[in-house]
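S.K.: Contents of my_file_34.cif (mmCIF, C-alpha atoms and all ligand atoms):
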data_structure
#
loop_
_atom_site.label_atom_id
_atom_site.label_comp_id
_atom_site.auth_asym_id
_atom_site.auth_seq_id
_atom_site.Cartn_x
_atom_site.Cartn_y
_atom_site.Cartn_z
CA MET A 1380 -27.17 2.89 9.65
CA GLU A 1381 -24.19 4.15 11.62
CA GLN A 1382 -21.23 5.41 9.66
CA SER A 1383 -18.87 2.97 11.35
CA SER A 1384 -20.89 -0.03 10.16
CA ILE A 1385 -20.72 0.97 6.49
CA ARG A 1386 -17.83 -0.53 4.56
CA THR A 1387 -16.21 2.01 2.23
CA TYR A 1388 -13.64 -0.39 0.78
CA ARG A 1389 -13.97 -3.39 -1.50
CA LEU A 1390 -13.54 -6.84 -0.03
CA ARG A 1391 -10.72 -8.38 -1.99
CA GLY A 1392 -9.05 -11.71 -1.54
CA SER A 1393 -5.93 -11.06 0.46
CA ARG A 1394 -3.77 -12.46 -2.32
CA ILE A 1395 -0.38 -11.23 -1.32
CA THR A 1396 2.78 -11.76 -3.32
CA GLY A 1397 5.91 -13.33 -1.87
CA PRO A 1398 7.85 -10.05 -1.84
CA GLN A 1399 4.90 -8.19 -0.22
CA GLN A 1400 4.60 -10.81 2.53
CA SER A 1401 8.31 -10.83 3.15
CA ALA A 1402 8.35 -7.00 3.37
CA LEU A 1403 5.54 -7.22 5.94
CA ASP A 1404 7.44 -9.85 7.93
CA LYS A 1405 10.69 -7.92 7.84
CA TYR A 1406 9.52 -4.34 8.31
CA TRP A 1407 6.26 -4.42 10.26
CA ASP A 1408 8.04 -3.70 13.54
CA ALA A 1409 9.83 -0.71 12.03
CA TYR A 1410 6.94 0.94 10.17
CA GLY A 1411 3.68 -0.77 11.12
CA ILE A 1412 1.18 0.32 13.73
CA GLU A 1413 -1.63 -1.97 14.92
CA TYR A 1414 -5.12 -0.67 15.51
CA SER A 1415 -5.52 0.47 19.09
CA THR A 1416 -8.14 2.27 21.14
CA GLU A 1417 -5.50 4.64 22.51
CA PHE A 1418 -4.39 7.91 20.99
CA LEU A 1419 -1.05 7.86 19.20
CA ASN A 1420 1.72 10.17 20.31
CA ILE A 1421 2.25 11.60 16.86
CA SER A 1422 5.20 13.84 17.69
CA SER A 1423 7.09 10.85 19.07
CA LEU A 1424 6.45 8.96 15.81
CA PHE A 1425 7.97 11.82 13.81
CA PRO A 1426 10.29 13.62 16.22
CA THR A 1427 12.01 15.77 13.59
CA ALA A 1428 9.06 16.42 11.27
CA GLU A 1429 7.92 19.99 10.70
CA ASP A 1430 4.40 18.86 9.88
CA VAL A 1431 2.33 15.68 9.66
CA VAL A 1432 -0.03 14.47 6.94
CA LEU A 1433 -2.58 11.71 7.38
CA GLU A 1434 -3.19 9.70 4.20
CA ILE A 1435 -6.35 7.63 3.97
CA GLY A 1436 -6.51 4.57 1.70
CA PHE A 1437 -3.06 4.61 0.08
CA GLY A 1438 -3.67 1.49 -2.03
CA MET A 1439 -0.26 0.26 -3.16
CA GLY A 1440 1.34 3.43 -1.83
CA GLU A 1441 2.94 4.56 -5.12
CA ALA A 1442 2.05 8.21 -4.54
CA THR A 1443 2.70 8.00 -0.79
CA ALA A 1444 6.29 6.87 -1.22
CA LEU A 1445 7.12 9.47 -3.87
CA ILE A 1446 5.55 12.34 -1.93
CA ALA A 1447 7.37 11.25 1.25
CA ARG A 1448 10.65 11.19 -0.70
CA ASP A 1449 9.99 14.72 -1.99
CA PHE A 1450 8.96 16.08 1.43
CA PRO A 1451 11.51 14.65 3.86
CA ASN A 1452 10.54 17.10 6.60
CA THR A 1453 6.91 15.96 6.64
CA GLY A 1454 5.77 12.88 8.55
CA PHE A 1455 3.22 10.71 6.72
CA LEU A 1456 0.80 8.61 8.72
CA ALA A 1457 -0.66 6.27 6.11
CA VAL A 1458 -3.82 4.19 6.64
CA GLU A 1459 -4.93 1.20 4.54
CA VAL A 1460 -7.01 -1.94 5.06
CA HIS A 1461 -5.47 -3.90 2.22
CA LYS A 1462 -2.52 -6.03 3.41
CA PRO A 1463 -0.78 -6.49 0.04
CA GLY A 1464 -0.64 -2.69 -0.32
CA ILE A 1465 0.86 -2.37 3.15
CA GLY A 1466 3.57 -4.90 2.21
CA LYS A 1467 4.20 -3.08 -1.04
CA LEU A 1468 4.57 0.31 0.63
CA MET A 1469 6.92 -1.13 3.28
CA ALA A 1470 9.11 -2.50 0.49
CA ARG A 1471 9.15 0.97 -1.16
CA VAL A 1472 9.99 2.67 2.15
CA GLU A 1473 13.06 0.42 2.40
CA GLU A 1474 14.00 0.84 -1.25
CA LEU A 1475 13.88 4.63 -1.04
CA ALA A 1476 15.34 4.64 2.53
CA LEU A 1477 12.48 6.78 3.83
CA SER A 1478 12.27 7.57 7.52
CA ASN A 1479 9.07 9.67 7.42
CA ILE A 1480 6.29 7.08 6.85
CA ARG A 1481 4.38 5.05 9.44
CA ILE A 1482 1.55 2.73 8.39
CA ILE A 1483 -1.61 1.96 10.33
CA GLU A 1484 -3.47 -1.17 9.23
CA GLY A 1485 -7.26 -1.09 9.32
CA ASP A 1486 -10.43 0.84 8.59
CA ALA A 1487 -9.90 4.60 8.71
CA HIS A 1488 -13.12 5.25 10.66
CA PRO A 1489 -12.23 3.59 13.97
CA ILE A 1490 -8.57 4.57 13.47
CA ILE A 1491 -9.39 8.27 13.13
CA THR A 1492 -11.86 8.08 16.02
CA THR A 1493 -9.65 6.42 18.60
CA MET A 1494 -6.03 6.85 17.48
CA ILE A 1495 -5.72 10.37 16.07
CA PRO A 1496 -5.74 13.10 18.73
CA ASP A 1497 -7.53 16.40 18.13
CA LYS A 1498 -5.52 19.06 16.25
CA SER A 1499 -2.68 16.63 15.62
CA VAL A 1500 -2.34 16.60 11.82
CA ASP A 1501 -1.57 19.46 9.47
CA GLY A 1502 -3.35 17.95 6.53
CA VAL A 1503 -5.17 14.96 5.07
CA HIS A 1504 -4.61 13.24 1.70
CA LEU A 1505 -7.39 11.19 0.14
CA PHE A 1506 -6.34 10.09 -3.34
CA PHE A 1507 -8.74 8.26 -5.64
CA PRO A 1508 -11.16 6.97 -3.01
CA ASP A 1509 -13.33 4.10 -4.23
CA PRO A 1510 -16.00 5.92 -6.29
CA TRP A 1511 -18.86 3.46 -5.69
CA PRO A 1512 -20.55 4.62 -8.91
CA LYS A 1513 -23.76 2.58 -8.62
CA LYS A 1514 -26.53 4.55 -6.98
CA ARG A 1515 -27.27 1.82 -4.44
CA HIS A 1516 -23.59 1.92 -3.42
CA ASN A 1517 -23.28 5.70 -3.08
CA LYS A 1518 -23.69 5.36 0.68
CA ARG A 1519 -20.35 3.54 0.75
CA ARG A 1520 -18.47 6.63 -0.40
CA ILE A 1521 -16.01 7.65 2.30
CA VAL A 1522 -16.72 11.36 1.81
CA ASN A 1523 -19.95 12.38 3.49
CA ALA A 1524 -21.11 14.79 6.19
CA GLU A 1525 -20.30 12.34 9.00
CA PHE A 1526 -16.79 11.86 7.66
CA LEU A 1527 -16.17 15.61 7.55
CA ALA A 1528 -17.36 15.86 11.16
CA LEU A 1529 -15.04 12.98 12.13
CA ILE A 1530 -11.92 14.36 10.44
CA HIS A 1531 -12.38 18.10 11.14
CA PRO A 1532 -11.34 18.13 14.82
CA LYS A 1533 -8.23 16.05 14.09
CA ILE A 1534 -6.79 18.72 11.75
CA LYS A 1535 -4.84 21.65 13.17
CA ASP A 1536 -6.33 25.12 12.75
CA GLY A 1537 -5.78 26.28 9.19
CA GLY A 1538 -4.92 22.75 8.05
CA PHE A 1539 -6.06 21.19 4.78
CA PHE A 1540 -7.92 18.26 3.27
CA HIS A 1541 -6.78 17.39 -0.28
CA ILE A 1542 -8.78 14.96 -2.41
CA ALA A 1543 -8.20 13.66 -5.94
CA THR A 1544 -10.68 11.58 -7.88
CA ASP A 1545 -10.87 10.26 -11.43
CA TRP A 1546 -14.67 9.95 -11.38
CA VAL A 1547 -16.39 13.22 -12.34
CA PRO A 1548 -19.73 12.38 -10.65
CA TYR A 1549 -17.81 11.70 -7.42
CA ALA A 1550 -15.99 15.04 -7.72
CA GLU A 1551 -19.35 16.80 -8.11
CA TYR A 1552 -20.75 14.93 -5.15
CA ILE A 1553 -17.68 15.85 -3.03
CA GLU A 1554 -18.21 19.52 -3.89
CA GLU A 1555 -21.83 19.25 -2.77
CA VAL A 1556 -20.93 17.58 0.52
CA PHE A 1557 -18.36 20.28 1.33
CA ALA A 1558 -20.62 23.10 0.16
CA ALA A 1559 -23.26 21.93 2.63
CA SER A 1560 -20.76 21.86 5.49
CA PRO A 1561 -19.66 24.83 7.60
CA LEU A 1562 -16.47 22.97 8.57
CA PHE A 1563 -14.27 23.58 5.50
CA THR A 1564 -13.77 26.14 2.74
CA GLY A 1565 -12.37 25.41 -0.71
CA GLY A 1566 -13.10 23.59 -3.94
CA VAL A 1567 -11.58 22.42 -7.20
CA VAL A 1568 -7.92 23.31 -7.75
CA GLU A 1569 -5.36 22.70 -10.51
CA ARG A 1570 -3.56 19.37 -10.26
CA PRO A 1571 -0.68 20.21 -7.92
CA GLU A 1572 2.86 19.53 -9.16
CA TRP A 1573 3.68 17.66 -5.98
CA ARG A 1574 1.05 14.95 -6.54
CA PRO A 1575 2.71 12.22 -8.61
CA VAL A 1576 0.89 10.90 -11.65
CA THR A 1577 -0.52 7.50 -10.69
CA ARG A 1578 -2.13 4.83 -12.81
CA PHE A 1579 -5.50 6.53 -12.34
CA GLU A 1580 -4.32 9.55 -14.28
CA GLY A 1581 -5.15 9.59 -17.93
CA GLN A 1582 -6.71 6.13 -17.88
CA GLY A 1583 -9.61 5.92 -20.32
CA ILE A 1584 -10.16 9.60 -21.07
CA THR A 1585 -13.93 9.85 -21.26
CA LYS A 1586 -16.33 12.52 -20.12
CA ASP A 1587 -16.63 10.95 -16.68
CA HIS A 1588 -12.99 9.91 -16.30
CA GLN A 1589 -11.04 13.08 -15.72
CA VAL A 1590 -8.94 13.71 -12.69
CA THR A 1591 -10.17 16.42 -10.36
CA ASP A 1592 -8.20 17.78 -7.40
CA LEU A 1593 -10.16 19.38 -4.58
CA ARG A 1594 -8.56 21.23 -1.72
CA TYR A 1595 -10.28 22.47 1.42
CA THR A 1596 -9.07 24.43 4.42
CA LYS A 1597 -10.38 23.80 7.90
CA ASN A 1598 -12.59 26.61 9.15
C1 LIG B 1 -9.26 3.15 -5.44
S1 LIG B 1 -8.05 2.82 -4.26
C2 LIG B 1 -6.88 4.16 -4.44
C3 LIG B 1 -5.57 3.87 -3.79
C4 LIG B 1 -4.51 4.98 -3.77
N1 LIG B 1 -4.92 6.10 -2.95
C5 LIG B 1 -4.10 5.42 -5.14
O1 LIG B 1 -4.28 6.60 -5.46
O2 LIG B 1 -3.58 4.59 -5.90
C6 LIG B 1 -8.87 3.22 -2.72
C7 LIG B 1 -8.17 2.61 -1.51
O3 LIG B 1 -8.80 3.06 -0.32
C8 LIG B 1 -8.83 1.99 0.60
N2 LIG B 1 -9.91 2.25 1.55
C9 LIG B 1 -11.23 2.43 1.26
N3 LIG B 1 -11.93 2.65 2.38
C10 LIG B 1 -11.04 2.63 3.41
C11 LIG B 1 -11.16 2.77 4.80
N4 LIG B 1 -12.36 2.99 5.39
N5 LIG B 1 -10.06 2.68 5.55
C12 LIG B 1 -8.85 2.45 4.98
N6 LIG B 1 -8.65 2.29 3.66
C13 LIG B 1 -9.75 2.39 2.88
C14 LIG B 1 -9.06 0.76 -0.26
O4 LIG B 1 -8.62 -0.43 0.37
C15 LIG B 1 -8.23 1.08 -1.51
O5 LIG B 1 -6.93 0.58 -1.40
#
Reformat the file's structure so that it appears as structure tokens.
Ligand SMILES: C[S@@+](CC[C@H](N)C(=O)[O-])C[C@H]1O[C@@H](n2cnc3c(N)ncnc32)[C@H](O)[C@@H]1O
M.R.:
Amino acid sequence: MEQSSIRTYRLRGSRITGPQQSALDKYWDAYGIEYSTEFLNISSLFPTAEDVVLEIGFGMGEATALIARDFPNTGFLAVEVHKPGIGKLMARVEELALSNIRIIEGDAHPIITTMIPDKSVDGVHLFFPDPWPKKRHNKRRIVNAEFLALIHPKIKDGGFFHIATDWVPYAEYIEEVFAASPLFTGGVVERPEWRPVTRFEGQGITKDHQVTDLRYTKN
């Protein structure tokens, strides 16, 4: 099966709260970007930014908003399929008066393919990707050899790919995928100070539920 036809996210009812919908209505034009088959002009989205980070699957955007607040000179291009999360992050962007976040709605695969130019982002954040723990669902994991091949050319030389997961078997699998690839170098790192503690952290401390940070540099 082709990568693009595999769904890596869960289908959820698009139950959206009143405040999330009203944030979408009010702020979409300011912060939202529709899927398009044309490359974005990233430097015109973030004219004063010193660097640009692409975040994949920001969920409700709790970490995204806090990191963007702490790194005002970095532009954050944040991708998510889930509309309520997009509304929620737009509300946070307003609340914190952030000017360095733009949000693309949709599946990261076609978005990365058609909208992100080569060597246009300094780094990629992938925090707590859906772990798809059942064996028959493992193919839905977003990290795989095809995904590395898709993302690699989009990152500037020397740029990074930072992943955090709270599912130990997924962390081990991620290490294997990267170890088999000539495209990146790196591995498990200490939890960086700059990554805010989200609700995934410290939830149900069991053998398999520990947070692992992995950081790779583009070769
Ligand atoms: C487990 S949640 C983690 C959310 C967030 N990063 C956090 O740390 O709270 C994974 C998120 O990735 C999103 N996602 C999964 N596959 C995606 C894809 N192909 N494109 C865009 N978003 C995706 C899901 O909708 C979900 O919101």
S.K.: Do you know which residues are within 6 Å of ligand LIG 1 (chain B) using only C-alpha atoms and all ligand atoms? Can you write them as a list in words?
M.R.: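 These are the residues that qualify: Thr1387, Tyr1388, Ile1435, Gly1436, Phe1437, Gly1438, Val1458, Glu1459, Val1460, His1461, Gly1485, Asp1486, Ala1487, His1488, Phe1506, Phe1507, Pro1508 and Asp1509 of chain A.
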S.K.: Kindly extract all protein, DNA and RNA residues lying within 9 Å of the coordinates (1.9, 4.0, -8.4) given in the file, considering all atoms listed in the file, and supply them as a PyMOL selection string.
M.R.: chain A and resi 1438-1445+1575-1579
S.K.: Got a sec: who's within 10 Å of A:Pro1532, counting all atoms listed in the file, leaving out chain neighbours fewer than 4 positions off, as an MDAnalysis selection string?
M.R.: chainID A and resid 1495:1500 1527:1528 1536 1562 1597
S.K.: At what distance in Å, to one decimal, does atom CA of A:Glu1434 lie from atom CA of A:Ile1542?
M.R.: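 Result for atom CA of A:Ile1542 versus atom CA of A:Glu1434: 10.1 Å, one decimal.
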S.K.: By how many Å are atom CA of A:Gly1397 and atom CA of A:Pro1463 apart?
M.R.: 9.8 Å
S.K.: Record the distance separating atom CA of A:Ser1393 and atom CA of A:Tyr1406, expressed in Å with one decimal.
M.R.: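 Distance between the two atoms: 18.6 Å.
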S.K.: Which residues, protein or nucleic acid, reach to within 6 Å of (-8.0, 20.0, -3.2) in the file's coordinates when using all atoms listed in the file, and can you give that as number ranges by chain?
M.R.: A: 1541-1542, 1567-1568, 1592-1595
S.K.: So, counting all atoms listed in the file, which residue among A:Ile1490, A:Leu1419, A:Val1431, A:Val1503 is closest to A:Phe1540?
M.R.: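 Smallest distance to A:Phe1540 is found for A:Val1503.
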S.K.: Would you mind telling me which residue in A:Glu1580, A:Glu1569, A:Asp1408, A:Asp1587 lies nearest to A:Pro1548 when using all atoms listed in the file?
M.R.: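 Of the candidates, the smallest distance to A:Pro1548 is held by A:Asp1587.
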